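Peer 1: After the structure tokens below, expect a handful of questions from me.
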Amino acid sequence: MSTDPASPLIRIRGLSKGYRRGDQVIPVLLDLDMDVAAGEFVALMGPSGSGKSTLLNLIAGIDKPSSGTIEIGGVDIAELSEGELADWRAANVGFVFQFYNLLPVLSAQDNVELPLLLTGLSSRQRAERARLVLGLVGLADRADHYPNELSGGQQQRVAIARALVSDPLLIVADEPTGDLDRVTGEEILGLLEQLVVEMGKTIVMVTHDPKAAARARRLVHLEKGVLVDEVGA
Amino acid sequence: MFLLRLLLKNAFRHKLRTGLTLIGLVVAICAFGLLRTIVDAWYAGVEASSSTRLVTRSSISLTFQLPLNYAQRIRAVEGVRAISWANWFGGVYITERNFFPQFAIDPASYLALYPEYLIADAEKLAFFRDRQGAVVGRGLAKKFGWQIGDPIPLRGTIYPGTWTFNLRAIYDGVDAKTDENQMFVHWSFINESLRQSARRRADAVGVYIVGIDEPNNAALISQRIDALFANSLAETLSETEKAFQLSFVSMSEAILVAIQAVSFIIVVIIMAVMANTMTMTARERLAEYATLKALGFPPAFVVGLLYGESLLIAGIGGVLGVAATLPLSAAFARATGTLFPVFQVSPLTMSLQLLAAAIVGIVAAAWPAWRMSRIDIVDGLRHVA
Ligand SMILES: Nc1ncnc2c1ncn2[C@@H]1O[C@H](COP(=O)(O)OP(=O)(O)OP(=O)(O)O)[C@@H](O)[C@H]1O
Ligand SMILES: [Mg+2]
């Protein structure tokens, strides 16, 4: 590992998460510790229901832990209020979803521009930036297309462009290739790899596919809410 | 710009659904405006009436007449500036369906009390000179295609026989509130004929119109006039012209209240319909709103999107509804003939229509906006596919 382990980008300590169902609490994550250094590409694997998405959502700041700390870039996001957390996500996290989650009424260009509405950029600056990032994911010629006019792979590229456009530290991806065929999935993974290698992004990715996991620099296995082993790739 | 584009595209994402909602809105806003206009039209006669005029009539009932010689005595009452009189003629022009009010008047004194009827000097003179002459409002002349010089035959109901009047003058109302659907003929012409055929009915007056100098003294002057004839064979009831008009309107007060209630009920119904549409819309977009929140947009943004979309649709429906009200009310006015002398969609009604549309938009978005602002991001994201 190239980064200083004393100051990882993500530092998780004693993280627990349970869901309340009636009287009983169903534990999902149990007293979990984990560090992710800046510039790492981490694949989270594990059986269905093991808590991968839950952990990712906690890291991304869209869910709240039952206990424990999640320090990201020195900020314990478990302590932030809803509003602070929203601002923090806008500035620090890029999202890539299994089903892309693009707004169907917006063109590729507008979808990518969307997160920039939360910045102080002028509309011209926003448009320019979005165009630039769309070029980066190889879709410069599809800027005017709507999601339903794009293939799954192309939609995922647009989603990656949207995740990149505000230049976040961290990109979280929940099964980004889960809805794509093998070849297209490979392309998307290649693109994610490129973000890490060329742009120094940190990516935490949940995947079921061992081949996909192999593209990551580091593999983390989750089993019934605990990390069972870590394999450096 | 970006947001407006997003709102517009969201609003017309389901063209059929939005189209049907819009049709409902247009119909509701239009009906609301039309019903209000009907109520307005009902009261228009009252609003047009002057508070410097009193109406003196028989205290028993309008169908009882007063002696002509009251004119001199009323004129002498302190505060009275002018006096004139009118009888309801009640003739039928060709068929009952052509109903319009006709009054037998004392031309010079009557028209002097009604400056709101504008008549060219030459025509006025021609009317004064021809005892068989008639003045009609511009609206009536247009409706029946009458020209100056045309004979107008009326079949008498109160005054038997067929009466033919010569159209000598056409008056214009000084403003939109003035009734342009009346006809005036010479009282003396009718009276002359009565003297020959029915002496006992001659020299009688339906109502006296009393011009007063000071509107604030209306009550006092009314009392003085009525006191004058107290304990006589024909006691009088004097009141302002406005109160006189209202006494007609109040007979139908219950109907007016019902019409007004219906106009509001229509708005409430469309509110419910639109709220249902917006709730469905919001539920379908749960994952989109969750995505927006994940990207860091605050709940207020989602609320804004829903309100914006709802108001946009309501606004379009409101404007189209107002636009549709104008030709529709014109058609309605044509269809009802002279039943409503003044039938105009007032600026107030149009503003209320737009306000109603806006309220519909706001209320319709309230529940879905509240729900969507509170959705849990993780739950919402699960709704994909
Ligand atoms: N809102 C919830 N209420 C109750 N239990 C929940 C809730 N969300 C998740 N769980 C439970 O938490 C556990 C972990 O869910 P999670 O979605 O993190 O699993 P996962 O590892 O991502 O699985 P998969 O690979 O199938 O996506 C599951 O047992 C699930 O039933
Ligand atoms: Mg999952």
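To be explicit about the labels: the chains of the structure tokens are called A, B, and onward in the order shown, and within each one the residues are counted from 1, while ligands get numbers from 1 in the order they are shown.
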Can you work out which residues are within 10 Å of ligand 1, considering only C-alpha atoms and all ligand atoms, and then hand them over as a ChimeraX atom specification?

Peer 2: /A:17-21,25-29,44-58,174-175,206-208,222-225 /B:376,378-379,382

Peer 1: For the residues in the current selection, export N, CA, C and O atoms as a compact mmCIF listing (two decimals), in the first residue's frame.

Peer 2:
# COMPACT_ATOMS: atom_id res chain seq x y z
N LYS A 17 -24.57 -1.54 12.70
CA LYS A 17 -25.83 -1.07 12.12
C LYS A 17 -26.85 -2.18 12.28
O LYS A 17 -26.59 -3.34 11.94
N GLY A 18 -27.98 -1.83 12.83
CA GLY A 18 -29.05 -2.81 12.95
C GLY A 18 -30.35 -2.20 12.48
O GLY A 18 -30.50 -0.98 12.45
N TYR A 19 -31.25 -3.04 12.05
CA TYR A 19 -32.57 -2.56 11.66
C TYR A 19 -33.58 -3.02 12.68
O TYR A 19 -33.57 -4.17 13.11
N ARG A 20 -34.43 -2.11 13.08
CA ARG A 20 -35.46 -2.42 14.04
C ARG A 20 -36.65 -3.02 13.30
O ARG A 20 -37.14 -2.47 12.33
N ARG A 21 -37.08 -4.18 13.73
CA ARG A 21 -38.30 -4.77 13.18
C ARG A 21 -39.19 -5.14 14.35
O ARG A 21 -38.97 -6.13 15.02
N VAL A 25 -34.18 -6.09 17.21
CA VAL A 25 -33.25 -5.40 16.33
C VAL A 25 -32.46 -6.44 15.55
O VAL A 25 -31.87 -7.35 16.13
N ILE A 26 -32.51 -6.32 14.22
CA ILE A 26 -31.76 -7.26 13.38
C ILE A 26 -30.41 -6.63 13.07
O ILE A 26 -30.33 -5.61 12.41
N PRO A 27 -29.33 -7.25 13.61
CA PRO A 27 -28.01 -6.66 13.35
C PRO A 27 -27.56 -6.95 11.93
O PRO A 27 -27.74 -8.07 11.43
N VAL A 28 -27.01 -5.95 11.27
CA VAL A 28 -26.52 -6.13 9.90
C VAL A 28 -25.00 -5.99 9.85
O VAL A 28 -24.30 -6.80 9.27
N LEU A 29 -24.49 -4.95 10.52
CA LEU A 29 -23.03 -4.79 10.62
C LEU A 29 -22.65 -4.84 12.09
O LEU A 29 -23.32 -4.23 12.93
N LEU A 44 -15.91 -4.61 -2.49
CA LEU A 44 -16.58 -5.23 -1.35
C LEU A 44 -17.33 -6.43 -1.87
O LEU A 44 -18.18 -6.29 -2.75
N MET A 45 -17.02 -7.61 -1.35
CA MET A 45 -17.71 -8.82 -1.80
C MET A 45 -18.36 -9.50 -0.62
O MET A 45 -18.11 -9.16 0.53
N GLY A 46 -19.19 -10.48 -0.95
CA GLY A 46 -19.84 -11.22 0.12
C GLY A 46 -21.19 -11.70 -0.36
O GLY A 46 -21.71 -11.21 -1.35
N PRO A 47 -21.73 -12.66 0.37
CA PRO A 47 -23.02 -13.22 -0.04
C PRO A 47 -24.14 -12.19 0.07
O PRO A 47 -24.00 -11.19 0.75
N SER A 48 -25.22 -12.51 -0.61
CA SER A 48 -26.38 -11.63 -0.57
C SER A 48 -26.88 -11.49 0.86
O SER A 48 -26.96 -12.48 1.59
N GLY A 49 -27.14 -10.27 1.26
CA GLY A 49 -27.65 -10.04 2.61
C GLY A 49 -26.57 -9.90 3.65
O GLY A 49 -26.86 -9.75 4.84
N SER A 50 -25.31 -9.91 3.21
CA SER A 50 -24.22 -9.83 4.19
C SER A 50 -23.99 -8.40 4.67
O SER A 50 -23.24 -8.18 5.63
N GLY A 51 -24.63 -7.42 4.04
CA GLY A 51 -24.50 -6.04 4.52
C GLY A 51 -23.60 -5.16 3.67
O GLY A 51 -23.21 -4.07 4.10
N LYS A 52 -23.29 -5.58 2.44
CA LYS A 52 -22.40 -4.80 1.57
C LYS A 52 -22.99 -3.43 1.25
O LYS A 52 -22.34 -2.39 1.41
N SER A 53 -24.25 -3.47 0.77
CA SER A 53 -24.90 -2.19 0.42
C SER A 53 -25.04 -1.30 1.64
O SER A 53 -24.83 -0.09 1.58
N THR A 54 -25.35 -1.95 2.76
CA THR A 54 -25.50 -1.17 4.00
C THR A 54 -24.20 -0.45 4.34
O THR A 54 -24.21 0.76 4.65
N LEU A 55 -23.10 -1.16 4.25
CA LEU A 55 -21.81 -0.55 4.55
C LEU A 55 -21.49 0.58 3.57
O LEU A 55 -21.05 1.67 3.96
N LEU A 56 -21.77 0.32 2.30
CA LEU A 56 -21.47 1.33 1.28
C LEU A 56 -22.31 2.59 1.52
O LEU A 56 -21.81 3.72 1.42
N ASN A 57 -23.59 2.38 1.83
CA ASN A 57 -24.48 3.53 2.08
C ASN A 57 -24.01 4.35 3.28
O ASN A 57 -24.14 5.57 3.29
N LEU A 58 -23.46 3.66 4.28
CA LEU A 58 -22.94 4.37 5.45
C LEU A 58 -21.73 5.20 5.07
O LEU A 58 -21.59 6.35 5.48
N ASP A 174 -22.43 0.76 -6.27
CA ASP A 174 -23.08 -0.47 -5.82
C ASP A 174 -23.44 -1.32 -7.02
O ASP A 174 -24.37 -1.00 -7.76
N GLU A 175 -22.69 -2.38 -7.22
CA GLU A 175 -22.87 -3.27 -8.36
C GLU A 175 -23.00 -2.51 -9.68
O GLU A 175 -24.00 -2.63 -10.37
N VAL A 206 -19.18 -2.23 -4.57
CA VAL A 206 -19.78 -3.50 -4.18
C VAL A 206 -19.96 -4.32 -5.44
O VAL A 206 -20.41 -3.80 -6.46
N THR A 207 -19.56 -5.60 -5.40
CA THR A 207 -19.79 -6.43 -6.57
C THR A 207 -19.97 -7.90 -6.18
O THR A 207 -19.49 -8.35 -5.14
N HIS A 208 -20.70 -8.62 -7.03
CA HIS A 208 -20.88 -10.05 -6.86
C HIS A 208 -19.90 -10.83 -7.73
O HIS A 208 -19.69 -12.01 -7.53
N LEU A 222 -17.12 -9.55 3.13
CA LEU A 222 -18.05 -9.32 4.23
C LEU A 222 -18.89 -10.57 4.39
O LEU A 222 -19.41 -11.12 3.42
N GLU A 223 -19.00 -11.04 5.62
CA GLU A 223 -19.80 -12.24 5.88
C GLU A 223 -20.62 -12.00 7.13
O GLU A 223 -20.06 -11.80 8.20
N LYS A 224 -21.94 -11.97 6.99
CA LYS A 224 -22.84 -11.76 8.12
C LYS A 224 -22.44 -10.56 8.98
O LYS A 224 -22.43 -10.63 10.21
N GLY A 225 -22.07 -9.49 8.30
CA GLY A 225 -21.83 -8.25 9.02
C GLY A 225 -20.44 -8.06 9.58
O GLY A 225 -20.17 -7.08 10.27
N ASP B 376 -36.73 8.41 2.99
CA ASP B 376 -35.41 7.91 3.35
C ASP B 376 -34.69 7.58 2.05
O ASP B 376 -35.23 6.92 1.17
N VAL B 378 -32.13 5.67 1.30
CA VAL B 378 -31.85 4.26 1.03
C VAL B 378 -33.13 3.53 0.60
O VAL B 378 -33.13 2.78 -0.37
N ASP B 379 -34.23 3.80 1.31
CA ASP B 379 -35.51 3.20 0.93
C ASP B 379 -35.90 3.61 -0.48
O ASP B 379 -36.33 2.79 -1.28
N ARG B 382 -34.16 1.98 -3.39
CA ARG B 382 -34.55 0.59 -3.61
C ARG B 382 -35.71 0.48 -4.61
O ARG B 382 -35.99 -0.58 -5.11

Peer 1: Chain B residues within 10 Å of chain A, counting only C-alpha atoms: which ones, as a VMD selection string?

Peer 2: chain B and resid 1 to 3 5 to 10 12 to 13 285 287 to 299 376 to 379 381 384 to 385

Peer 1: Name the residues in contact with Ile265 of chain B at a cut-off of 12 Å, using only C-alpha atoms, excluding same-chain residues fewer than 4 positions from it; report them as a PyMOL selection string.

Peer 2: chain B and resi 28-29+31-32+35+258-261+269-272+356

Peer 1: Considering only C-alpha atoms, return as a tab-separated table (two decimals) with all heavy atoms, in the first residue's frame whatever protein or nucleic-acid residues lie within 12 Å of Asp33 of chain A, sequence-local ones (same chain, fewer than 4 positions apart) excluded.

Peer 2:
chain	number	residue	atom	x	y	z
A	10	ILE	N	-10.55	6.94	4.48
A	10	ILE	CA	-11.72	6.46	5.23
A	10	ILE	C	-11.23	5.68	6.44
A	10	ILE	O	-10.36	4.83	6.32
A	10	ILE	CB	-12.59	5.54	4.35
A	10	ILE	CG1	-13.01	6.26	3.07
A	10	ILE	CG2	-13.83	5.07	5.13
A	10	ILE	CD1	-13.75	5.37	2.08
A	11	ARG	N	-11.77	6.00	7.59
A	11	ARG	CA	-11.35	5.33	8.82
A	11	ARG	C	-12.60	4.98	9.61
A	11	ARG	O	-13.28	5.84	10.16
A	11	ARG	CB	-10.47	6.30	9.61
A	11	ARG	CG	-9.72	5.74	10.75
A	11	ARG	CD	-8.99	6.91	11.41
A	11	ARG	NE	-9.13	6.82	12.85
A	11	ARG	CZ	-8.21	6.24	13.62
A	11	ARG	NH1	-7.09	5.77	13.10
A	11	ARG	NH2	-8.40	6.16	14.91
A	12	ILE	N	-12.92	3.67	9.58
A	12	ILE	CA	-14.16	3.20	10.24
A	12	ILE	C	-13.79	2.45	11.51
A	12	ILE	O	-12.93	1.58	11.49
A	12	ILE	CB	-14.95	2.29	9.28
A	12	ILE	CG1	-15.40	3.10	8.05
A	12	ILE	CG2	-16.15	1.66	9.98
A	12	ILE	CD1	-16.02	2.27	6.96
A	13	ARG	N	-14.44	2.82	12.61
A	13	ARG	CA	-14.14	2.17	13.89
A	13	ARG	C	-15.43	1.79	14.61
A	13	ARG	O	-16.33	2.63	14.77
A	13	ARG	CB	-13.35	3.13	14.81
A	13	ARG	CG	-11.91	3.38	14.36
A	13	ARG	CD	-11.05	2.12	14.42
A	13	ARG	NE	-9.72	2.37	13.90
A	13	ARG	CZ	-9.35	2.22	12.62
A	13	ARG	NH1	-10.23	1.79	11.72
A	13	ARG	NH2	-8.12	2.47	12.23
A	14	GLY	N	-15.49	0.55	15.01
A	14	GLY	CA	-16.60	0.06	15.84
A	14	GLY	C	-17.97	0.28	15.22
A	14	GLY	O	-18.94	0.58	15.90
A	15	LEU	N	-18.02	0.15	13.90
A	15	LEU	CA	-19.27	0.47	13.20
A	15	LEU	C	-20.28	-0.66	13.32
A	15	LEU	O	-20.02	-1.80	12.97
A	15	LEU	CB	-18.96	0.73	11.72
A	15	LEU	CG	-20.17	1.11	10.86
A	15	LEU	CD1	-20.72	2.46	11.28
A	15	LEU	CD2	-19.79	1.13	9.39
A	16	SER	N	-21.46	-0.30	13.85
A	16	SER	CA	-22.55	-1.27	13.92
A	16	SER	C	-23.79	-0.66	13.30
A	16	SER	O	-24.01	0.55	13.38
A	16	SER	CB	-22.85	-1.65	15.36
A	16	SER	OG	-21.74	-2.34	15.91
A	29	LEU	N	-24.49	-4.95	10.52
A	29	LEU	CA	-23.03	-4.79	10.62
A	29	LEU	C	-22.65	-4.84	12.09
A	29	LEU	O	-23.32	-4.23	12.93
A	29	LEU	CB	-22.58	-3.45	10.01
A	29	LEU	CG	-22.90	-3.25	8.53
A	29	LEU	CD1	-22.49	-1.84	8.10
A	29	LEU	CD2	-22.18	-4.29	7.66
A	55	LEU	N	-23.10	-1.16	4.25
A	55	LEU	CA	-21.81	-0.55	4.55
A	55	LEU	C	-21.49	0.58	3.57
A	55	LEU	O	-21.05	1.67	3.96
A	55	LEU	CB	-20.71	-1.63	4.51
A	55	LEU	CG	-19.27	-1.15	4.74
A	55	LEU	CD1	-19.13	-0.42	6.07
A	55	LEU	CD2	-18.27	-2.32	4.67
A	67	SER	N	-24.05	2.68	15.77
A	67	SER	CA	-22.97	3.18	16.63
A	67	SER	C	-21.67	3.10	15.85
A	67	SER	O	-21.58	2.49	14.79
A	67	SER	CB	-22.87	2.35	17.92
A	67	SER	OG	-22.56	1.01	17.60
A	68	GLY	N	-20.62	3.74	16.39
A	68	GLY	CA	-19.33	3.73	15.73
A	68	GLY	C	-19.06	5.03	14.99
A	68	GLY	O	-19.91	5.92	14.94
A	69	THR	N	-17.84	5.14	14.47
A	69	THR	CA	-17.45	6.36	13.76
A	69	THR	C	-17.07	6.04	12.33
A	69	THR	O	-16.54	4.97	12.03
A	69	THR	CB	-16.25	7.05	14.45
A	69	THR	OG1	-15.16	6.11	14.47
A	69	THR	CG2	-16.59	7.46	15.87
A	70	ILE	N	-17.38	6.97	11.45
A	70	ILE	CA	-16.97	6.88	10.05
A	70	ILE	C	-16.27	8.19	9.72
A	70	ILE	O	-16.92	9.19	9.44
A	70	ILE	CB	-18.19	6.72	9.11
A	70	ILE	CG1	-19.09	5.57	9.58
A	70	ILE	CG2	-17.72	6.48	7.67
A	70	ILE	CD1	-20.44	5.57	8.90
A	71	GLU	N	-14.95	8.16	9.83
A	71	GLU	CA	-14.21	9.38	9.51
A	71	GLU	C	-13.81	9.35	8.06
A	71	GLU	O	-13.19	8.40	7.60
A	71	GLU	CB	-12.94	9.45	10.37
A	71	GLU	CG	-13.15	10.26	11.64
A	71	GLU	CD	-11.88	10.25	12.48
A	71	GLU	OE1	-10.79	10.38	11.89
A	71	GLU	OE2	-12.00	10.08	13.71
A	220	VAL	N	-12.32	-6.80	-0.20
A	220	VAL	CA	-12.77	-6.92	1.19
A	220	VAL	C	-13.96	-7.85	1.22
A	220	VAL	O	-14.92	-7.66	0.47
A	220	VAL	CB	-13.14	-5.54	1.78
A	220	VAL	CG1	-13.72	-5.70	3.17
A	220	VAL	CG2	-11.92	-4.63	1.81
A	222	LEU	N	-17.12	-9.55	3.13
A	222	LEU	CA	-18.05	-9.32	4.23
A	222	LEU	C	-18.89	-10.57	4.39
A	222	LEU	O	-19.41	-11.12	3.42
A	222	LEU	CB	-18.96	-8.12	3.87
A	222	LEU	CG	-19.59	-7.33	4.98
A	222	LEU	CD1	-18.55	-6.77	5.93
A	222	LEU	CD2	-20.38	-6.18	4.37
A	225	GLY	N	-22.07	-9.49	8.30
A	225	GLY	CA	-21.83	-8.25	9.02
A	225	GLY	C	-20.44	-8.06	9.58
A	225	GLY	O	-20.17	-7.08	10.27
A	226	VAL	N	-19.53	-9.00	9.32
A	226	VAL	CA	-18.15	-8.79	9.76
A	226	VAL	C	-17.20	-9.02	8.59
A	226	VAL	O	-17.49	-9.78	7.66
A	226	VAL	CB	-17.75	-9.72	10.93
A	226	VAL	CG1	-18.43	-9.29	12.22
A	226	VAL	CG2	-18.11	-11.16	10.62
A	227	LEU	N	-16.07	-8.32	8.64
A	227	LEU	CA	-15.06	-8.50	7.59
A	227	LEU	C	-14.33	-9.80	7.88
A	227	LEU	O	-13.75	-9.96	8.96
A	227	LEU	CB	-14.07	-7.33	7.61
A	227	LEU	CG	-14.68	-5.96	7.31
A	227	LEU	CD1	-13.59	-4.88	7.40
A	227	LEU	CD2	-15.32	-5.95	5.94
A	228	VAL	N	-14.39	-10.76	6.97
A	228	VAL	CA	-13.75	-12.04	7.27
A	228	VAL	C	-12.30	-12.10	6.81
A	228	VAL	O	-11.46	-12.63	7.49
A	228	VAL	CB	-14.54	-13.24	6.71
A	228	VAL	CG1	-15.81	-13.44	7.54
A	228	VAL	CG2	-14.87	-13.06	5.25
A	230	GLU	N	-9.14	-9.98	4.26
A	230	GLU	CA	-8.79	-8.92	3.32
A	230	GLU	C	-7.70	-9.43	2.43
A	230	GLU	O	-6.72	-9.98	2.87
A	230	GLU	CB	-8.28	-7.69	4.08
A	230	GLU	CG	-9.41	-6.87	4.66
A	230	GLU	CD	-8.98	-5.42	4.82
A	230	GLU	OE1	-8.11	-4.96	4.05
A	230	GLU	OE2	-9.53	-4.77	5.71

Peer 1: Closest to Leu237 of chain B among B:Phe165, B:Phe332, B:Tyr208, B:Tyr43, using only C-alpha atoms?

Peer 2: B:Tyr208

Peer 1: If you run DSSP on this backbone, which residues of segment 8-225 of chain A come out as alpha helix (DSSP H), and could you give them as an MDAnalysis selection string?

Peer 2: chainID A and resid 52:60 82:92 108:113 123:136 152:164 182:199 210:215

Peer 1: Applying 8 Å and only C-alpha atoms, which residues near Ala282 of chain B remain after dropping the ones on its own chain fewer than 6 positions away? List them as a list of chain:residue names.

Peer 2: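 In the requested form, the answer reads B:Leu306, B:Pro368, B:Ala369, B:Met372.
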
Peer 1: Would you pick out the contacts of segment 153-162 of chain B at 10 Å or less, using only C-alpha atoms, so that residues sharing its chain but fewer than 6 positions from it are not included, and give the list as a list in words?

Peer 2: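 The filter keeps Trp88, Phe89, Gly90, Gly91, Val92, Tyr93, Ile94, Thr95, Glu96, Gln102, Ile190, Asn191, Ser193, Leu194, Ser197, Ala198 and Arg201 of chain B.
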
Peer 1: In terms of the shortest atom-to-atom distance over only C-alpha atoms and all ligand atoms, which of A:Gly178, A:Arg124, A:Arg215, A:Lys201 is closest to ligand 2?

Peer 2: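 Among the listed residues, A:Gly178 lies closest to ligand 2.
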